[in-house]
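Structure file data_38.txt (compact mmCIF, C-alpha atoms) is printed below.
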# COMPACT_ATOMS: atom_id res chain seq x y z
CA MET A 1 0.00 0.00 0.00
CA LYS A 2 1.43 3.33 -1.08
CA ILE A 3 0.76 6.30 1.17
CA PHE A 4 0.58 9.66 -0.59
CA PRO A 5 0.80 12.58 1.82
CA ALA A 6 -0.82 15.53 0.07
CA ILE A 7 0.38 19.04 -0.61
CA ASP A 8 -2.23 21.39 -2.07
CA ILE A 9 -0.71 24.68 -3.21
CA LYS A 10 -2.63 27.97 -3.27
CA ASP A 11 -0.93 31.37 -3.31
CA LYS A 12 2.38 29.56 -2.68
CA LYS A 13 1.08 28.14 0.62
CA CYS A 14 -0.05 24.70 1.79
CA VAL A 15 -3.82 24.74 2.12
CA ARG A 16 -6.67 22.30 2.65
CA LEU A 17 -10.21 22.75 1.42
CA ILE A 18 -13.44 21.20 2.66
CA LYS A 19 -15.36 19.49 -0.15
CA GLY A 20 -13.33 21.47 -2.67
CA ASP A 21 -14.82 24.76 -1.47
CA PHE A 22 -12.30 27.61 -1.79
CA SER A 23 -14.30 29.64 0.74
CA GLN A 24 -13.65 26.89 3.30
CA LYS A 25 -9.88 27.10 3.07
CA THR A 26 -7.35 26.48 5.83
CA GLU A 27 -3.84 27.83 5.32
CA TYR A 28 -0.94 26.15 7.09
CA GLN A 29 2.27 27.73 8.33
CA MET A 30 4.72 25.48 6.51
CA SER A 31 5.60 26.25 2.91
CA PRO A 32 5.15 23.43 0.39
CA VAL A 33 8.91 22.80 0.35
CA GLU A 34 9.10 22.75 4.16
CA GLN A 35 6.17 20.35 4.27
CA ALA A 36 7.84 18.08 1.71
CA THR A 37 10.96 18.11 3.89
CA GLN A 38 8.92 16.86 6.82
CA PHE A 39 7.42 14.06 4.73
CA ILE A 40 10.78 12.88 3.36
CA ASP A 41 12.31 12.98 6.84
CA LYS A 42 9.61 10.56 8.05
CA GLY A 43 10.46 8.13 5.25
CA PHE A 44 7.58 8.59 2.82
CA LYS A 45 8.35 7.55 -0.76
CA ASN A 46 5.36 9.03 -2.61
CA LEU A 47 3.85 12.50 -2.75
CA HIS A 48 0.57 13.88 -4.12
CA ILE A 49 0.65 17.54 -5.20
CA VAL A 50 -2.27 19.62 -6.44
CA ASP A 51 -1.73 23.03 -8.00
CA LEU A 52 -5.00 24.62 -6.86
CA ASP A 53 -4.11 27.89 -8.58
CA GLY A 54 -3.60 25.85 -11.73
CA ALA A 55 -6.92 24.08 -11.33
CA LEU A 56 -8.69 27.44 -11.21
CA ALA A 57 -6.63 29.06 -13.98
CA GLY A 58 -6.63 26.07 -16.32
CA GLU A 59 -2.84 26.13 -16.65
CA THR A 60 0.23 25.28 -14.59
CA VAL A 61 0.89 28.07 -12.07
CA ASN A 62 3.20 26.65 -9.41
CA LEU A 63 5.69 24.84 -11.64
CA ASP A 64 8.65 26.50 -9.87
CA ILE A 65 7.64 25.19 -6.43
CA ILE A 66 6.88 21.72 -7.78
CA LYS A 67 10.19 21.64 -9.64
CA GLU A 68 12.04 22.51 -6.43
CA ILE A 69 10.30 19.69 -4.54
CA VAL A 70 10.92 17.12 -7.28
CA SER A 71 14.60 18.04 -7.67
CA LYS A 72 15.33 18.35 -3.96
CA PHE A 73 13.73 15.16 -2.64
CA ASP A 74 13.65 11.51 -3.63
CA PHE A 75 9.87 11.20 -3.97
CA LYS A 76 7.78 9.60 -6.66
CA VAL A 77 5.56 12.61 -7.24
CA GLU A 78 2.14 12.72 -8.85
CA VAL A 79 0.85 16.18 -9.81
CA GLY A 80 -2.54 17.49 -10.85
CA GLY A 81 -4.33 20.80 -11.24
CA GLY A 82 -4.66 22.76 -14.46
CA VAL A 83 -3.05 20.22 -16.80
CA ARG A 84 -5.00 20.94 -19.97
CA ASP A 85 -2.57 20.37 -22.86
CA PHE A 86 0.45 18.38 -24.03
CA ASP A 87 2.85 21.24 -23.23
CA SER A 88 1.88 21.15 -19.55
CA ILE A 89 2.32 17.37 -19.45
CA GLN A 90 5.72 17.76 -21.09
CA GLU A 91 6.78 20.42 -18.57
CA TYR A 92 6.03 18.11 -15.68
CA ALA A 93 7.63 15.11 -17.39
CA ASP A 94 10.76 17.16 -18.06
CA ILE A 95 11.23 18.07 -14.39
CA GLY A 96 10.91 14.44 -13.30
CA VAL A 97 7.31 14.12 -12.14
CA ASP A 98 6.39 10.42 -11.94
CA LYS A 99 2.67 10.69 -12.82
CA ILE A 100 0.76 13.60 -14.34
CA ILE A 101 -2.90 13.68 -13.38
CA LEU A 102 -5.48 14.61 -16.00
CA GLY A 103 -8.93 15.56 -14.75
CA SER A 104 -11.17 18.16 -16.35
CA ALA A 105 -9.37 18.12 -19.71
CA ALA A 106 -9.70 14.34 -19.94
CA ILE A 107 -13.40 14.39 -19.08
CA LYS A 108 -14.15 17.17 -21.56
CA ASP A 109 -12.10 15.53 -24.32
CA LYS A 110 -11.62 11.77 -24.19
CA ASN A 111 -9.49 11.93 -27.32
CA PHE A 112 -7.00 14.18 -25.51
CA LEU A 113 -6.74 11.55 -22.75
CA LYS A 114 -6.23 8.78 -25.28
CA LYS A 115 -3.49 10.68 -27.13
CA ALA A 116 -1.79 11.66 -23.86
CA CYS A 117 -1.62 8.04 -22.71
CA LYS A 118 -0.07 7.07 -26.04
CA LYS A 119 2.38 9.98 -26.14
CA PHE A 120 3.42 9.65 -22.48
CA PRO A 121 3.28 5.91 -21.71
CA LYS A 122 3.08 5.00 -18.00
CA LYS A 123 2.99 8.70 -17.06
CA ILE A 124 -0.72 9.55 -17.19
CA ALA A 125 -2.98 9.19 -14.18
CA LEU A 126 -6.70 9.89 -14.47
CA GLY A 127 -8.28 11.94 -11.73
CA LEU A 128 -11.98 11.21 -11.31
CA ASP A 129 -13.53 13.65 -8.85
CA ALA A 130 -17.16 12.76 -8.20
CA LYS A 131 -20.10 14.21 -6.35
CA ASP A 132 -23.20 12.07 -5.96
CA GLY A 133 -21.94 9.73 -8.69
CA LYS A 134 -21.32 12.48 -11.26
CA LEU A 135 -17.93 13.82 -12.34
CA SER A 136 -16.96 17.41 -11.48
CA LEU A 137 -14.81 19.81 -13.51
CA SER A 138 -12.68 22.94 -13.24
CA GLY A 139 -11.50 22.80 -9.66
CA TRP A 140 -14.81 21.12 -8.71
CA LYS A 141 -16.77 24.28 -9.56
CA GLU A 142 -19.08 22.62 -12.10
CA SER A 143 -20.69 19.25 -12.64
CA SER A 144 -20.23 17.46 -15.94
CA GLY A 145 -23.43 15.48 -15.50
CA ILE A 146 -21.43 12.42 -16.58
CA SER A 147 -21.63 9.22 -14.56
CA THR A 148 -18.26 8.22 -13.05
CA LEU A 149 -18.68 4.55 -13.92
CA ASP A 150 -19.94 5.22 -17.45
CA PHE A 151 -16.97 7.47 -18.20
CA LEU A 152 -14.48 4.97 -16.81
CA THR A 153 -15.98 2.20 -18.91
CA GLU A 154 -15.48 4.31 -22.04
CA VAL A 155 -11.80 5.13 -21.38
CA ASN A 156 -10.75 1.95 -19.60
CA ASP A 157 -8.59 0.61 -22.42
CA TYR A 158 -6.71 3.85 -23.19
CA GLY A 159 -3.57 2.87 -21.27
CA ILE A 160 -4.10 4.96 -18.14
CA SER A 161 -1.41 4.05 -15.60
CA ARG A 162 -3.26 5.01 -12.40
CA LEU A 163 -6.71 6.15 -11.38
CA ILE A 164 -7.29 8.58 -8.51
CA PHE A 165 -10.86 8.52 -7.26
CA THR A 166 -12.08 11.32 -5.00
CA ASP A 167 -15.52 11.60 -3.48
CA ILE A 168 -15.88 15.38 -3.18
CA ASN A 169 -18.51 15.04 -0.45
CA LYS A 170 -15.85 13.36 1.69
CA ASP A 171 -12.83 15.49 0.81
CA GLY A 172 -11.44 17.43 3.76
CA THR A 173 -14.18 16.16 6.08
CA LYS A 174 -12.19 13.42 7.86
CA GLU A 175 -15.33 11.27 7.81
CA SER A 176 -13.61 8.24 6.19
CA PRO A 177 -13.49 7.64 2.42
CA ASN A 178 -16.47 6.48 0.39
CA PHE A 179 -15.27 2.88 0.27
CA ASP A 180 -18.43 1.59 -1.39
CA GLU A 181 -18.16 3.89 -4.39
CA THR A 182 -14.38 3.40 -4.58
CA LEU A 183 -14.89 -0.36 -4.71
CA LYS A 184 -17.28 0.00 -7.66
CA VAL A 185 -14.59 2.00 -9.48
CA ALA A 186 -11.80 -0.42 -8.56
CA GLU A 187 -13.82 -3.44 -9.69
CA ILE A 188 -14.08 -2.20 -13.28
CA SER A 189 -10.82 -0.25 -13.59
CA ASN A 190 -8.07 -1.74 -15.75
CA CYS A 191 -5.46 0.16 -13.75
CA PRO A 192 -4.77 0.38 -10.01
CA VAL A 193 -6.81 2.87 -8.00
CA ILE A 194 -5.78 5.47 -5.42
CA ILE A 195 -8.32 6.35 -2.70
CA SER A 196 -8.73 10.06 -2.04
CA GLY A 197 -11.02 12.10 0.20
CA GLY A 198 -12.02 11.74 3.84
CA VAL A 199 -9.18 9.65 5.28
CA SER A 200 -9.39 10.18 9.03
CA SER A 201 -7.46 7.44 10.80
CA ILE A 202 -5.03 4.57 10.53
CA GLU A 203 -8.10 2.31 10.54
CA ASP A 204 -9.07 3.79 7.17
CA ILE A 205 -5.63 2.87 5.83
CA LYS A 206 -5.88 -0.66 7.18
CA LYS A 207 -9.32 -1.09 5.60
CA ALA A 208 -7.99 0.14 2.25
CA LYS A 209 -5.29 -2.53 2.41
CA THR A 210 -7.95 -5.25 2.35
CA LEU A 211 -9.53 -4.04 -0.89
CA LYS A 212 -8.72 -5.38 -4.36
CA ASN A 213 -7.03 -3.25 -7.03
CA ILE A 214 -6.25 -0.44 -4.56
CA GLU A 215 -2.70 0.82 -5.05
CA GLY A 216 -2.63 3.49 -2.38
CA VAL A 217 -4.27 6.19 -0.29
CA ILE A 218 -3.93 9.98 -0.33
CA VAL A 219 -3.90 11.56 3.13
CA GLY A 220 -4.27 15.32 3.57
CA LYS A 221 -6.23 17.15 6.24
CA ALA A 222 -5.88 14.39 8.85
CA ILE A 223 -2.10 14.90 8.69
CA TYR A 224 -2.22 18.68 8.87
CA ASP A 225 -4.68 18.71 11.77
CA GLY A 226 -2.66 16.12 13.70
CA ASP A 227 -5.33 13.39 13.67
CA ILE A 228 -2.85 10.96 12.15
CA LYS A 229 0.75 10.94 13.38
CA LEU A 230 3.30 10.88 10.56
CA GLU A 231 5.39 8.21 12.30
CA GLU A 232 2.40 5.90 12.54
CA LEU A 233 1.34 6.59 8.96
CA ALA A 234 4.84 6.00 7.59
CA LYS A 235 4.77 2.46 8.98
CA GLU A 236 1.85 1.68 6.65
CA ASP A 237 3.76 2.93 3.58
CA ALA A 238 5.23 0.06 1.58
Rendering of file as structure tokens:
Amino acid sequence: MKIFPAIDIKDKKCVRLIKGDFSQKTEYQMSPVEQATQFIDKGFKNLHIVDLDGALAGETVNLDIIKEIVSKFDFKVEVGGGVRDFDSIQEYADIGVDKIILGSAAIKDKNFLKKACKKFPKKIALGLDAKDGKLSLSGWKESSGISTLDFLTEVNDYGISRLIFTDINKDGTKESPNFDETLKVAEISNCPVIISGGVSSIEDIKKAKTLKNIEGVIVGKAIYDGDIKLEELAKEDA
């Protein structure tokens, strides 16, 4: 089970949102680079980064900060937020990002997703952010009206290397992930799935370990608020 501590960047700071709502934003004292230092010092091997400014702007905004983290630390980094074209994917690939997450652009244009998977083999992760079973777009500000499972079925054979499933209703709430919906996604996905949204305890991690086709778990707010101790979490990272 891979543990992905999360760094969400907004205005060059680490922040956490509740249910993707920018008006319910908590800023934390540590800079993204300082936070990454803490994670590497505890022995984590993977890192999940979201460029929230990028998600809102529809383009990469915090490339300089992400480049510093990737070059400075020995993480396998996955990055999402505002990746809308091949140039953005290439920028992240060039600085050594392990997986580039496509979300809104992939949902709006399945052909773009298909071409990206072919052009950047083993580099493309698909981010499916859902609310009440429907996919959301553009920093979660709008609903696509598209069923999560229907969309996945359509793109399942494109060569996606990883799928990150987030239940927006759970994100930032620390109410435990939506395991039932995640299981439905994992059962039909051709690639391994990462659980995102609502992780509140080590028990959530241990439950995730029992599920089929689950590659890892993203942990955010529970770390920043001290509900999960980094030392304890690091022991689950393998």
* Using only C-alpha atoms, which residues sit within 7 Å of Lys25 (chain A) once same-chain residues fewer than 3 positions away are excluded, as a PyMOL selection string? -> chain A and resi 15-18+22
* Neighbour list for Gly145 (chain A) as a PyMOL selection string, cut-off 9 Å, only C-alpha atoms, skip fewer than 5 positions in-chain -> chain A and resi 134-136
* Residues at most 10 Å from Lys131 (chain A), counting all atoms listed in the file, excluding those fewer than 3 positions away in the same chain, as a ChimeraX atom specification? -> /A:19,128,134-136,140,143,145,147-148,166-170
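For Val77 (chain A), the list of residues within 8 Å, based on all atoms listed in the file and with local chain neighbours fewer than 5 positions off taken out, reads A:Asn46, A:Leu47, A:His48, A:Ile49, A:Val70, A:Val97, A:Asp98, A:Lys99.
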* Using all atoms listed in the file, give me every residue within 12 Å of (14.0, 11.1, 8.3) in file coordinates, as a list in words. => Ala36, Thr37, Gln38, Phe39, Ile40, Asp41, Lys42, Gly43, Phe44, Lys45, Phe73, Asp74, Leu230, Glu231 and Ala234 of chain A
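Interatomic distance, CA of Ser200 (chain A) to CA of Glu27 (chain A): 18.9 Å.
For the choices A:Ile89, A:Ala130, A:Leu137, A:Met30, the atom-to-atom distance to Leu56 (chain A) is smallest for A:Leu137 when using only C-alpha atoms.
The residues that lie within 12 Å of the point (-2.7, 12.5, 11.6), counting all atoms listed in the file, are Pro5, Lys174, Val199, Ser200, Ser201, Ile202, Glu203, Asp204, Ile205, Val219, Gly220, Lys221, Ala222, Ile223, Tyr224, Asp225, Gly226, Asp227, Ile228, Lys229, Leu230, Glu231, Glu232, Leu233 and Ala234 of chain A.
CA of Ile7 (chain A) is found 25.7 Å from CA of Ser144 (chain A).
Of the listed residues (A:Lys118, A:Lys72, A:Lys108, A:Lys207), A:Lys207 comes nearest to Asp180 (chain A); the distances count all atoms listed in the file.
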* Counting all atoms listed in the file, what is within 9 Å of Ala106 (chain A), bar same-chain residues fewer than 5 positions away, as a VMD selection string? -> chain A and resid 84 111 to 114 126 to 127
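Interatomic distance, CA of Cys14 (chain A) to CA of Val61 (chain A): 14.3 Å.
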* Using only C-alpha atoms, which of the listed residues (A:Leu163, A:Ile101, A:Val155, A:Ala186) sits closest to Phe120 (chain A)? -> A:Ile101
